[in-house]
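> This is protein.txt (compact mmCIF, C-alpha atoms).
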```txt
# COMPACT_ATOMS: atom_id res chain seq x y z
CA MET A 1 -34.74 48.29 -14.00
CA LYS A 2 -36.26 50.79 -16.41
CA LYS A 3 -32.82 51.40 -17.89
CA LEU A 4 -32.30 47.66 -18.44
CA HIS A 5 -35.61 47.42 -20.29
CA LYS A 6 -34.55 50.26 -22.59
CA GLN A 7 -31.23 48.59 -23.26
CA ILE A 8 -32.86 45.25 -24.10
CA LEU A 9 -35.37 47.06 -26.31
CA ALA A 10 -32.50 48.77 -28.16
CA LEU A 11 -30.74 45.45 -28.76
CA VAL A 12 -33.92 43.73 -29.93
CA SER A 13 -34.65 46.67 -32.23
CA VAL A 14 -31.23 46.40 -33.85
CA VAL A 15 -31.70 42.68 -34.44
CA LEU A 16 -35.21 43.23 -35.83
CA VAL A 17 -34.05 45.97 -38.23
CA PHE A 18 -31.34 43.70 -39.62
CA ALA A 19 -33.72 40.74 -39.76
CA LEU A 20 -36.14 42.82 -41.84
CA LEU A 21 -33.31 44.07 -44.05
CA ASN A 22 -32.10 40.52 -44.70
CA LEU A 23 -35.59 39.23 -45.30
CA SER A 24 -36.07 41.96 -47.90
CA ILE A 25 -32.74 41.14 -49.57
CA TYR A 26 -33.71 37.48 -49.65
CA ASN A 27 -37.18 38.12 -51.06
CA VAL A 28 -36.16 40.63 -53.72
CA PHE A 29 -32.73 39.36 -54.77
CA THR A 30 -31.57 36.06 -53.29
CA TYR A 31 -34.73 34.05 -53.94
CA ARG A 32 -34.43 34.69 -57.68
CA VAL A 33 -30.89 33.42 -57.98
CA ILE A 34 -30.84 30.64 -55.41
CA HIS A 35 -29.71 27.25 -56.75
CA ARG A 36 -32.92 25.33 -57.41
CA TYR A 37 -31.92 22.17 -59.18
CA GLY A 38 -29.07 20.70 -57.14
CA GLU A 39 -25.32 21.28 -57.24
CA GLU A 40 -24.57 18.94 -60.17
CA MET A 41 -27.22 20.61 -62.29
CA GLN A 42 -25.84 24.00 -61.30
CA ALA A 43 -22.27 23.12 -62.18
CA LYS A 44 -22.85 21.10 -65.36
CA SER A 45 -26.28 22.24 -66.59
CA ILE A 46 -27.46 18.64 -66.36
CA THR A 47 -27.38 15.86 -63.77
CA LEU A 48 -25.04 13.44 -65.57
CA SER A 49 -25.75 10.55 -63.23
CA GLU A 50 -29.45 10.50 -64.18
CA TYR A 51 -28.65 9.76 -67.84
CA LEU A 52 -25.72 7.36 -67.61
CA PRO A 53 -25.42 4.55 -70.16
CA PHE A 54 -25.45 0.94 -68.91
CA ASP A 55 -27.28 2.00 -65.75
CA GLU A 56 -30.54 0.25 -64.88
CA ASP A 57 -32.09 3.39 -63.40
CA SER A 58 -30.95 5.69 -66.20
CA LYS A 59 -33.57 7.91 -67.86
CA ILE A 60 -32.09 7.41 -71.33
CA VAL A 61 -33.84 5.54 -74.15
CA LYS A 62 -32.58 1.96 -74.02
CA LEU A 63 -32.27 0.18 -77.33
CA ASP A 64 -30.49 -3.06 -78.11
CA SER A 65 -28.93 -2.50 -81.51
CA ASP A 66 -27.43 -5.07 -83.86
CA PHE A 67 -24.86 -2.46 -84.83
CA LYS A 68 -22.01 -2.69 -82.34
CA LEU A 69 -18.61 -1.04 -82.15
CA THR A 70 -15.98 -2.93 -80.22
CA GLU A 71 -12.69 -1.23 -81.07
CA ASN A 72 -11.44 2.20 -82.20
CA LEU A 73 -14.41 3.68 -80.40
CA PRO A 74 -14.97 7.32 -81.35
CA VAL A 75 -14.87 9.55 -78.27
CA ILE A 76 -18.21 11.33 -78.15
CA ASP A 77 -19.09 14.57 -76.35
CA GLY A 78 -21.66 17.33 -76.69
CA ALA A 79 -24.15 19.81 -75.34
CA ALA A 80 -25.94 19.49 -72.01
CA ALA A 81 -29.38 19.45 -73.59
CA LEU A 82 -28.29 16.69 -75.98
CA TYR A 83 -26.46 14.51 -73.44
CA PRO A 84 -29.49 12.17 -73.05
CA ILE A 85 -29.24 11.46 -76.81
CA PHE A 86 -25.53 10.73 -77.09
CA SER A 87 -25.51 8.78 -73.84
CA ALA A 88 -28.31 6.62 -75.33
CA PHE A 89 -26.27 6.20 -78.56
CA VAL A 90 -23.34 4.94 -76.51
CA ASN A 91 -25.63 2.66 -74.51
CA ALA A 92 -26.92 1.08 -77.73
CA VAL A 93 -23.65 0.66 -79.61
CA TYR A 94 -20.59 0.67 -77.31
CA PRO A 95 -19.36 -2.06 -74.95
CA GLU A 96 -20.14 -1.41 -71.29
CA ASP A 97 -16.50 -1.18 -70.23
CA SER A 98 -15.94 1.73 -72.64
CA VAL A 99 -17.54 4.21 -70.23
CA SER A 100 -16.07 5.18 -66.90
CA PHE A 101 -17.77 7.66 -64.58
CA ASN A 102 -16.25 8.58 -61.22
CA GLY A 103 -19.43 9.94 -59.70
CA THR A 104 -18.77 13.49 -60.87
CA ASP A 105 -17.12 13.33 -64.30
CA PHE A 106 -16.23 10.84 -66.98
CA THR A 107 -12.64 9.69 -66.60
CA GLU A 108 -10.08 10.51 -69.30
CA ASP A 109 -10.14 7.00 -70.78
CA SER A 110 -13.94 6.98 -71.16
CA ALA A 111 -15.33 6.94 -74.72
CA LEU A 112 -18.24 9.03 -73.46
CA GLN A 113 -17.28 12.54 -72.34
CA TYR A 114 -19.23 15.62 -71.30
CA HIS A 115 -17.81 19.14 -71.63
CA ASN A 116 -20.96 20.92 -72.87
CA THR A 117 -21.02 22.82 -76.18
CA ARG A 118 -17.96 25.02 -75.68
CA GLY A 119 -15.77 22.17 -74.46
CA ALA A 120 -17.03 19.81 -77.14
CA TYR A 121 -16.24 22.19 -80.02
CA LYS A 122 -12.80 22.86 -78.56
CA GLY A 123 -12.27 19.12 -78.10
CA ILE A 124 -13.18 18.37 -81.71
CA VAL A 125 -10.79 21.02 -83.06
CA ASP A 126 -7.98 19.99 -80.70
CA GLY A 127 -8.46 16.33 -81.61
CA ASP A 128 -9.38 15.26 -78.07
CA ILE A 129 -12.77 13.93 -79.12
CA ASP A 130 -14.08 12.44 -82.37
CA ILE A 131 -17.78 13.33 -82.48
CA ALA A 132 -19.60 16.27 -80.90
CA ILE A 133 -23.39 16.31 -80.67
CA CYS A 134 -24.24 20.01 -80.69
CA VAL A 135 -26.25 22.74 -82.35
CA SER A 136 -24.58 25.32 -84.62
CA PRO A 137 -21.24 26.73 -83.42
CA SER A 138 -20.57 30.38 -82.67
CA ALA A 139 -18.49 32.56 -85.00
CA GLU A 140 -15.64 32.34 -82.45
CA GLN A 141 -15.76 28.53 -82.48
CA LEU A 142 -15.62 28.50 -86.28
CA ALA A 143 -12.75 30.98 -86.19
CA TYR A 144 -10.88 28.76 -83.71
CA ALA A 145 -11.34 25.77 -86.04
CA GLU A 146 -10.02 27.80 -88.98
CA GLU A 147 -7.07 29.05 -86.95
CA LYS A 148 -6.15 25.45 -86.09
CA GLY A 149 -6.67 24.29 -89.67
CA ALA A 150 -9.55 22.00 -88.72
CA GLU A 151 -12.23 21.46 -91.34
CA LEU A 152 -15.43 20.52 -89.51
CA CYS A 153 -18.16 18.33 -90.98
CA PHE A 154 -21.73 18.88 -89.77
CA VAL A 155 -24.22 16.05 -90.21
CA PRO A 156 -27.80 16.88 -89.10
CA ILE A 157 -29.18 14.06 -86.94
CA GLY A 158 -32.22 15.80 -85.46
CA ARG A 159 -34.05 19.07 -84.99
CA GLU A 160 -35.16 21.11 -82.01
CA ALA A 161 -37.10 24.30 -81.34
CA PHE A 162 -35.27 27.29 -79.93
CA VAL A 163 -37.70 28.71 -77.38
CA PHE A 164 -38.19 31.89 -75.37
CA LEU A 165 -39.28 31.64 -71.75
CA VAL A 166 -40.99 33.79 -69.17
CA ASN A 167 -42.32 33.21 -65.67
CA LYS A 168 -45.69 31.44 -65.66
CA LYS A 169 -47.26 34.47 -63.92
CA ASN A 170 -46.36 36.71 -66.86
CA PRO A 171 -49.65 37.24 -68.76
CA VAL A 172 -47.85 37.38 -72.12
CA ASP A 173 -48.16 34.01 -73.88
CA SER A 174 -47.17 34.89 -77.41
CA LEU A 175 -44.83 37.30 -79.18
CA THR A 176 -43.82 37.82 -82.77
CA CYS A 177 -40.23 37.18 -83.83
CA GLU A 178 -39.85 40.90 -84.48
CA GLU A 179 -41.04 41.71 -80.95
CA VAL A 180 -38.48 39.30 -79.46
CA ARG A 181 -35.75 40.86 -81.59
CA GLY A 182 -36.96 44.25 -80.37
CA ILE A 183 -36.70 43.13 -76.75
CA TYR A 184 -33.12 41.91 -77.17
CA ALA A 185 -32.21 45.04 -79.13
CA GLY A 186 -33.48 47.17 -76.24
CA GLU A 187 -36.37 48.73 -78.18
CA TYR A 188 -38.97 47.61 -75.62
CA GLN A 189 -38.50 48.60 -71.97
CA HIS A 190 -41.73 47.36 -70.36
CA TRP A 191 -43.99 44.36 -70.82
CA SER A 192 -46.97 46.76 -71.10
CA GLU A 193 -45.69 47.70 -74.57
CA LEU A 194 -46.28 44.07 -75.56
CA GLY A 195 -49.66 43.51 -73.90
CA GLY A 196 -48.34 42.60 -70.44
CA GLU A 197 -48.05 44.28 -67.05
CA HIS A 198 -46.19 47.53 -66.49
CA LYS A 199 -42.99 45.80 -65.40
CA ARG A 200 -39.53 46.34 -66.79
CA ILE A 201 -38.30 43.68 -69.18
CA GLY A 202 -35.10 41.90 -68.25
CA ALA A 203 -33.63 40.25 -71.35
CA LEU A 204 -31.29 37.49 -70.18
CA THR A 205 -28.37 36.16 -72.20
CA ARG A 206 -25.81 33.39 -71.70
CA ASN A 207 -22.06 33.09 -72.08
CA ALA A 208 -20.71 33.38 -75.62
CA GLY A 209 -20.16 29.98 -77.19
CA SER A 210 -22.97 28.18 -75.39
CA GLY A 211 -25.34 26.47 -77.82
CA SER A 212 -28.38 28.53 -76.94
CA GLN A 213 -26.44 31.84 -76.99
CA SER A 214 -25.19 30.98 -80.49
CA ALA A 215 -28.80 30.23 -81.46
CA LEU A 216 -29.85 33.66 -80.13
CA VAL A 217 -27.09 35.37 -82.11
CA ASN A 218 -28.24 33.53 -85.26
CA PHE A 219 -31.85 34.46 -84.54
CA MET A 220 -30.96 38.14 -84.11
CA GLY A 221 -29.09 38.24 -87.42
CA ASP A 222 -27.72 41.75 -88.04
CA THR A 223 -29.63 43.23 -85.08
CA PRO A 224 -27.17 43.91 -82.24
CA ILE A 225 -27.98 42.45 -78.81
CA LYS A 226 -28.17 45.03 -76.05
CA LYS A 227 -25.72 44.19 -73.25
CA ASP A 228 -26.52 43.92 -69.52
CA TYR A 229 -30.21 44.15 -70.08
CA ASP A 230 -31.24 42.59 -66.80
CA THR A 231 -33.43 43.75 -63.95
CA PHE A 232 -34.12 42.31 -60.53
CA LEU A 233 -37.33 44.21 -60.06
CA GLY A 234 -38.88 43.53 -63.44
CA SER A 235 -39.88 40.38 -65.26
CA ALA A 236 -37.36 38.48 -67.34
CA ILE A 237 -37.34 36.75 -70.69
CA GLY A 238 -34.79 34.06 -71.48
CA PHE A 239 -34.22 31.30 -74.00
CA SER A 240 -33.32 27.67 -74.26
CA PHE A 241 -34.19 24.57 -76.25
CA ARG A 242 -37.64 23.01 -75.90
CA PHE A 243 -36.71 19.57 -74.54
CA TYR A 244 -34.19 21.04 -72.10
CA VAL A 245 -37.04 23.09 -70.59
CA GLU A 246 -39.80 20.49 -70.78
CA GLY A 247 -37.95 17.23 -70.36
CA ILE A 248 -34.79 17.95 -68.38
CA VAL A 249 -35.29 20.94 -66.06
CA GLU A 250 -39.09 20.53 -65.81
CA ASP A 251 -39.73 23.65 -63.72
CA GLY A 252 -43.44 24.45 -63.62
CA ASN A 253 -42.74 28.10 -62.82
CA VAL A 254 -41.61 28.90 -66.36
CA LYS A 255 -43.55 28.77 -69.60
CA MET A 256 -42.50 28.76 -73.24
CA LEU A 257 -43.85 31.50 -75.47
CA SER A 258 -45.59 30.98 -78.77
CA LEU A 259 -43.79 32.74 -81.61
CA ASP A 260 -45.83 34.31 -84.39
CA GLY A 261 -48.81 32.54 -82.79
CA VAL A 262 -47.26 29.05 -82.96
CA TYR A 263 -46.48 27.07 -79.80
CA PRO A 264 -43.16 25.17 -79.78
CA ASP A 265 -44.42 21.59 -79.54
CA ARG A 266 -43.12 18.61 -81.53
CA GLU A 267 -46.00 18.70 -83.99
CA ASN A 268 -45.25 22.31 -84.91
CA ILE A 269 -41.53 21.53 -85.22
CA LYS A 270 -42.34 18.63 -87.56
CA ASN A 271 -44.85 20.52 -89.70
CA GLY A 272 -42.47 23.46 -89.97
CA THR A 273 -44.84 26.10 -88.58
CA TYR A 274 -42.74 26.99 -85.51
CA PRO A 275 -40.40 29.69 -86.81
CA ILE A 276 -37.08 28.84 -85.10
CA VAL A 277 -35.99 25.24 -85.47
CA ASN A 278 -32.30 24.40 -85.09
CA GLU A 279 -30.50 21.41 -86.49
CA ILE A 280 -28.82 19.03 -84.08
CA TYR A 281 -25.48 18.04 -85.59
CA ALA A 282 -23.00 15.23 -85.28
CA VAL A 283 -19.78 17.20 -85.79
CA TYR A 284 -16.42 15.68 -86.67
CA ARG A 285 -13.11 16.71 -88.22
CA ALA A 286 -12.88 16.00 -91.94
CA ASP A 287 -9.37 14.60 -91.45
CA ASN A 288 -10.42 12.14 -88.72
CA GLU A 289 -9.02 8.78 -89.84
CA ASN A 290 -11.15 6.65 -87.53
CA LEU A 291 -13.51 4.82 -89.93
CA ASN A 292 -15.94 4.17 -87.09
CA VAL A 293 -16.75 7.89 -86.89
CA GLU A 294 -18.71 7.94 -90.13
CA ALA A 295 -20.10 4.43 -89.50
CA PHE A 296 -21.43 5.54 -86.11
CA ILE A 297 -22.95 8.72 -87.56
CA ASP A 298 -24.57 6.68 -90.36
CA TRP A 299 -26.14 4.52 -87.67
CA MET A 300 -27.42 7.68 -85.89
CA LEU A 301 -29.30 8.43 -89.12
CA SER A 302 -30.71 4.90 -89.33
CA GLU A 303 -34.14 3.92 -88.05
CA GLU A 304 -32.59 2.81 -84.75
CA GLY A 305 -30.59 5.99 -84.23
CA GLN A 306 -33.54 8.18 -85.13
CA SER A 307 -35.79 6.23 -82.76
CA ILE A 308 -33.42 7.27 -79.96
CA VAL A 309 -33.60 10.92 -81.07
CA GLU A 310 -37.41 10.76 -81.16
CA GLY A 311 -37.73 8.60 -78.06
CA THR A 312 -35.62 11.00 -76.04
CA GLY A 313 -38.00 13.84 -76.90
CA TYR A 314 -36.40 15.54 -79.88
CA THR A 315 -37.49 15.57 -83.50
CA GLY A 316 -35.74 13.32 -85.99
CA ILE A 317 -34.55 14.06 -89.50
CA GLU A 318 -37.17 13.03 -92.01
CA MET B 319 -26.23 46.66 -17.00
CA SER B 320 -23.76 49.51 -17.03
CA ASP B 321 -23.46 51.75 -20.10
CA LYS B 322 -20.00 50.34 -20.82
CA VAL B 323 -21.27 46.74 -20.89
CA PHE B 324 -24.35 47.75 -22.90
CA TYR B 325 -22.29 49.43 -25.61
CA ARG B 326 -20.00 46.43 -25.80
CA VAL B 327 -22.96 44.08 -26.21
CA LEU B 328 -24.50 46.46 -28.77
CA ALA B 329 -21.23 46.52 -30.74
CA VAL B 330 -21.07 42.72 -30.80
CA VAL B 331 -24.72 42.40 -31.89
CA LEU B 332 -24.22 45.03 -34.59
CA ALA B 333 -21.08 43.33 -35.85
CA LEU B 334 -22.85 39.97 -36.07
CA CYS B 335 -25.80 41.52 -37.92
CA VAL B 336 -23.50 43.33 -40.39
CA LEU B 337 -21.52 40.12 -40.96
CA PHE B 338 -24.69 38.13 -41.63
CA THR B 339 -25.96 40.78 -44.05
CA ALA B 340 -22.62 40.90 -45.86
CA GLY B 341 -22.74 37.11 -46.17
CA MET B 342 -26.25 37.27 -47.60
CA VAL B 343 -25.22 39.93 -50.14
CA GLY B 344 -22.05 38.01 -51.04
CA TYR B 345 -23.97 34.77 -51.58
CA THR B 346 -26.55 36.61 -53.70
CA VAL B 347 -23.87 38.13 -55.94
CA TYR B 348 -22.16 34.73 -56.31
CA ALA B 349 -25.44 32.96 -57.06
CA HIS B 350 -26.44 35.64 -59.56
CA ARG B 351 -23.23 35.08 -61.49
CA ASN B 352 -23.81 31.33 -61.60
CA CYS B 353 -27.56 30.95 -61.83
CA SER B 354 -29.25 29.47 -64.87
CA ILE B 355 -31.64 31.41 -67.07
CA ILE B 356 -34.48 29.02 -66.28
CA GLY B 357 -33.83 29.16 -62.54
CA TYR B 358 -33.70 32.95 -62.62
CA ILE B 359 -37.02 33.20 -64.44
CA ALA B 360 -38.62 30.56 -62.22
CA GLY B 361 -37.58 32.55 -59.12
CA GLU B 362 -39.59 35.62 -60.07
CA LYS B 363 -42.23 36.56 -57.53
```
What would you get if you wrote out this structure as structure tokens?


Amino acid sequence: MKKLHKQILALVSVVLVFALLNLSIYNVFTYRVIHRYGEEMQAKSITLSEYLPFDEDSKIVKLDSDFKLTENLPVIDGAAALYPIFSAFVNAVYPEDSVSFNGTDFTEDSALQYHNTRGAYKGIVDGDIDIAICVSPSAEQLAYAEEKGAELCFVPIGREAFVFLVNKKNPVDSLTCEEVRGIYAGEYQHWSELGGEHKRIGALTRNAGSGSQSALVNFMGDTPIKKDYDTFLGSAIGFSFRFYVEGIVEDGNVKMLSLDGVYPDRENIKNGTYPIVNEIYAVYRADNENLNVEAFIDWMLSEEGQSIVEGTGYTGIE
Amino acid sequence: MSDKVFYRVLAVVLALCVLFTAGMVGYTVYAHRNCSIIGYIAGEK
């Protein structure tokens, strides 16, 4: 009987050791990377079905415009963060049967498409789409356009703050632009060097060609970005666009940092005090022969189009 | 139980625990490759 007790104790001990090991792995590593916002959000960076045009429950700005396109509809695509804008444009101007969504993606014949920034720039150059709503392209995307002989036209239709983010528990609320450049260049190793806790800084980056990664590269200028500067045990800094953080993801566990003492709200974007404001462009090929492309972009710059940009949560062009 | 049975049971339990741990590590690596910047920052403890 005593032997049986020892054997059971040994088995229970093994299970407990592994349970503790797995609990530690979960707490330290898995919890940080677990998918928080649903599978669609994870796969596409935005839940397309929440911002569909011609849908009663859609979160987009609904506007009944007198300007309507009925034929030769430009195929429109763009960045995840800007999808609520171009979906609202389509809702205001296109006929309802021009958009087809199969529950996961837009079908090939749909005038509204979504392939995020990288796909949209490729689509414009390849001639698969007519208008892309994006921020500035990467050097690689411009090189691809040049290689294919595509001259791209960029029409600013709005503005948005490029923001840096930390966890809400991080005591640092404000950094200077030079400090942020220093972090991404690898000059600062710990938050304590910047007035925070003695935790390692993990400087997160995104895939090349994404809109926000291109914005980071532009922000860094000639300063090289240190690669693989990530840490599980420290505290991270990342970046995005203001409305994507505040209006789309809406995660209360992150906070946006002030830069040079200025918080990235709409007032500070409008009055020009926030230091990093990016243009939102309607991009098209100069040799696009569809006359509705320029007509549609002109409408985006009209009072109605700009009211959609502002109503969605971005800042219009004054 | 006899030693032979005990060691067999122990081997099975160990194998299951190792498999579960490997699954946890594999999922973590996969999720790390695919997680968003905002989600990663929000998940800090």

> Which is closest to Ile124 of chain A among A:Val12, A:Ala81, A:Ala150, A:Val245, if we use only C-alpha atoms?

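Among the listed residues, A:Ala150 lies closest to Ile124 of chain A.
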
> Report as a ChimeraX atom specification all protein, DNA and RNA residues lying within 9 Å of Lys363 of chain B, evaluated on all atoms listed in the file, omitting residues in the same chain fewer than 5 positions from it.

/A:27-28,31-32,167,169,235

> Nearest to Lys199 of chain A: which of A:Asn170, A:Gly182, A:Ala10, A:Ala215 is it, counting all atoms listed in the file?

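Closest to Lys199 of chain A, using all atoms listed in the file: A:Asn170.
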
> Could you give me, as CSV, a per-residue list for chain A showing, wherever an atom lies at most 9 Å from an atom of chain B, the closest pair of atoms and their distance in Å to one decimal, using all atoms listed in the file and sorting by chain then residue number from low to high?


```
residue,atom,partner,partner_atom,distance
A:Lys3,CA,B:Met319,CA,8.2
A:Leu4,CA,B:Met319,CA,6.3
A:Gln7,CA,B:Phe324,CA,6.9
A:Ile8,CA,B:Phe324,CA,9.0
A:Ala10,CA,B:Leu328,CA,8.3
A:Leu11,CA,B:Leu328,CA,6.3
A:Val14,CA,B:Leu332,CA,7.2
A:Val15,CA,B:Cys335,CA,6.9
A:Phe18,CA,B:Cys335,CA,6.2
A:Ala19,CA,B:Cys335,CA,8.2
A:Leu21,CA,B:Thr339,CA,8.1
A:Asn22,CA,B:Thr339,CA,6.2
A:Ile25,CA,B:Val343,CA,7.6
A:Tyr26,CA,B:Met342,CA,7.7
A:Asn27,CA,B:Lys363,CA,8.4
A:Val28,CA,B:Lys363,CA,8.2
A:Phe29,CA,B:Thr346,CA,6.8
A:Thr30,CA,B:Thr346,CA,5.1
A:Tyr31,CA,B:Gly361,CA,6.1
A:Arg32,CA,B:Gly361,CA,4.1
A:Val33,CA,B:His350,CA,5.2
A:Ile34,CA,B:Ala349,CA,6.1
A:His35,CA,B:Cys353,CA,6.6
A:Arg36,CA,B:Gly357,CA,6.5
A:Tyr37,CA,B:Gly357,CA,8.0
A:Gln42,CA,B:Cys353,CA,7.2
A:Ala43,CA,B:Asn352,CA,8.4
A:Ser45,CA,B:Ser354,CA,8.0
A:Leu165,CA,B:Ile356,CA,7.7
A:Val166,CA,B:Ile359,CA,6.2
A:Asn167,CA,B:Ile359,CA,5.4
A:Lys168,CA,B:Ala360,CA,7.9
A:Lys169,CA,B:Lys363,CA,8.4
A:Leu204,CA,B:Ile355,CA,6.8
A:Thr205,CA,B:Ile355,CA,7.7
A:Arg206,CA,B:Ile355,CA,7.7
A:Phe232,CA,B:Glu362,CA,8.7
A:Leu233,CA,B:Glu362,CA,8.9
A:Gly234,CA,B:Glu362,CA,8.6
A:Ser235,CA,B:Glu362,CA,7.0
A:Ala236,CA,B:Ile359,CA,6.0
A:Ile237,CA,B:Ile359,CA,7.2
A:Gly238,CA,B:Ile355,CA,6.0
A:Phe239,CA,B:Ile355,CA,7.4
A:Ser240,CA,B:Ile356,CA,8.2
A:Val245,CA,B:Ile356,CA,7.8
A:Val249,CA,B:Ile356,CA,8.1
A:Asp251,CA,B:Ala360,CA,7.2
A:Gly252,CA,B:Ala360,CA,7.9
A:Asn253,CA,B:Ala360,CA,4.8
A:Val254,CA,B:Ala360,CA,5.4
```

> Rounded to one decimal in Å, what is the spacing between atom CA of Thr315 of chain A and atom CA of Ile269 of chain A?

7.4 Å

> Need the shell around Leu216 of chain A: protein/DNA/RNA residues with any atom at most 12 Å away, counting only C-alpha atoms. Skip same-chain ones fewer than 2 positions apart. Format as number ranges by chain?

A: 135-138, 161-164, 177, 180-181, 184-185, 203-214, 218-225, 238-241, 276-278

> If I take atom CA of Pro264 of chain A and atom CA of Gly247 of chain A, how far is one from the other in Å, to one decimal?

13.4 Å

> Report, in Å with one decimal, the straight-line distance from atom CA of Ser58 of chain A to atom CA of Gly158 of chain A.

21.8 Å

> Take segment 344-360 of chain B from the block and save it with N, CA and C atoms, as a PDB file, in the first residue's frame.


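So decode-v6.pdb came out as:
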```pdb
ATOM      1  N   GLY B 344       4.564  25.492 -29.591  1.00  0.00           N
ATOM      2  CA  GLY B 344       4.302  25.646 -31.031  1.00  0.00           C
ATOM      3  C   GLY B 344       3.264  26.726 -31.288  1.00  0.00           C
ATOM      4  N   TYR B 345       2.178  26.713 -30.512  1.00  0.00           N
ATOM      5  CA  TYR B 345       1.139  27.726 -30.682  1.00  0.00           C
ATOM      6  C   TYR B 345       1.695  29.120 -30.393  1.00  0.00           C
ATOM      7  N   THR B 346       2.543  29.203 -29.353  1.00  0.00           N
ATOM      8  CA  THR B 346       3.107  30.506 -28.978  1.00  0.00           C
ATOM      9  C   THR B 346       3.984  31.065 -30.101  1.00  0.00           C
ATOM     10  N   VAL B 347       4.805  30.192 -30.672  1.00  0.00           N
ATOM     11  CA  VAL B 347       5.681  30.633 -31.778  1.00  0.00           C
ATOM     12  C   VAL B 347       4.828  31.083 -32.967  1.00  0.00           C
ATOM     13  N   TYR B 348       3.800  30.302 -33.291  1.00  0.00           N
ATOM     14  CA  TYR B 348       2.906  30.657 -34.409  1.00  0.00           C
ATOM     15  C   TYR B 348       2.216  31.994 -34.134  1.00  0.00           C
ATOM     16  N   ALA B 349       1.679  32.133 -32.919  1.00  0.00           N
ATOM     17  CA  ALA B 349       0.947  33.362 -32.588  1.00  0.00           C
ATOM     18  C   ALA B 349       1.881  34.564 -32.572  1.00  0.00           C
ATOM     19  N   HIS B 350       3.126  34.353 -32.135  1.00  0.00           N
ATOM     20  CA  HIS B 350       4.087  35.459 -32.110  1.00  0.00           C
ATOM     21  C   HIS B 350       4.375  35.964 -33.513  1.00  0.00           C
ATOM     22  N   ARG B 351       4.435  35.035 -34.461  1.00  0.00           N
ATOM     23  CA  ARG B 351       4.703  35.433 -35.851  1.00  0.00           C
ATOM     24  C   ARG B 351       3.539  36.213 -36.445  1.00  0.00           C
ATOM     25  N   ASN B 352       2.337  35.954 -35.948  1.00  0.00           N
ATOM     26  CA  ASN B 352       1.149  36.533 -36.566  1.00  0.00           C
ATOM     27  C   ASN B 352       0.467  37.615 -35.736  1.00  0.00           C
ATOM     28  N   CYS B 353       0.991  37.887 -34.550  1.00  0.00           N
ATOM     29  CA  CYS B 353       0.248  38.802 -33.683  1.00  0.00           C
ATOM     30  C   CYS B 353       0.434  40.250 -34.144  1.00  0.00           C
ATOM     31  N   SER B 354      -0.520  41.075 -33.788  1.00  0.00           N
ATOM     32  CA  SER B 354      -0.448  42.490 -34.166  1.00  0.00           C
ATOM     33  C   SER B 354       0.369  43.246 -33.123  1.00  0.00           C
ATOM     34  N   ILE B 355       0.897  44.377 -33.542  1.00  0.00           N
ATOM     35  CA  ILE B 355       1.673  45.211 -32.622  1.00  0.00           C
ATOM     36  C   ILE B 355       0.811  45.630 -31.433  1.00  0.00           C
ATOM     37  N   ILE B 356      -0.417  46.046 -31.720  1.00  0.00           N
ATOM     38  CA  ILE B 356      -1.279  46.534 -30.631  1.00  0.00           C
ATOM     39  C   ILE B 356      -1.617  45.397 -29.666  1.00  0.00           C
ATOM     40  N   GLY B 357      -1.922  44.225 -30.213  1.00  0.00           N
ATOM     41  CA  GLY B 357      -2.233  43.077 -29.368  1.00  0.00           C
ATOM     42  C   GLY B 357      -1.054  42.681 -28.501  1.00  0.00           C
ATOM     43  N   TYR B 358       0.142  42.741 -29.077  1.00  0.00           N
ATOM     44  CA  TYR B 358       1.349  42.365 -28.351  1.00  0.00           C
ATOM     45  C   TYR B 358       1.598  43.327 -27.188  1.00  0.00           C
ATOM     46  N   ILE B 359       1.402  44.603 -27.448  1.00  0.00           N
ATOM     47  CA  ILE B 359       1.617  45.591 -26.384  1.00  0.00           C
ATOM     48  C   ILE B 359       0.517  45.464 -25.328  1.00  0.00           C
ATOM     49  N   ALA B 360      -0.710  45.236 -25.776  1.00  0.00           N
ATOM     50  CA  ALA B 360      -1.819  45.111 -24.825  1.00  0.00           C
ATOM     51  C   ALA B 360      -1.641  43.906 -23.917  1.00  0.00           C
TER      52      ALA B 360
END
```
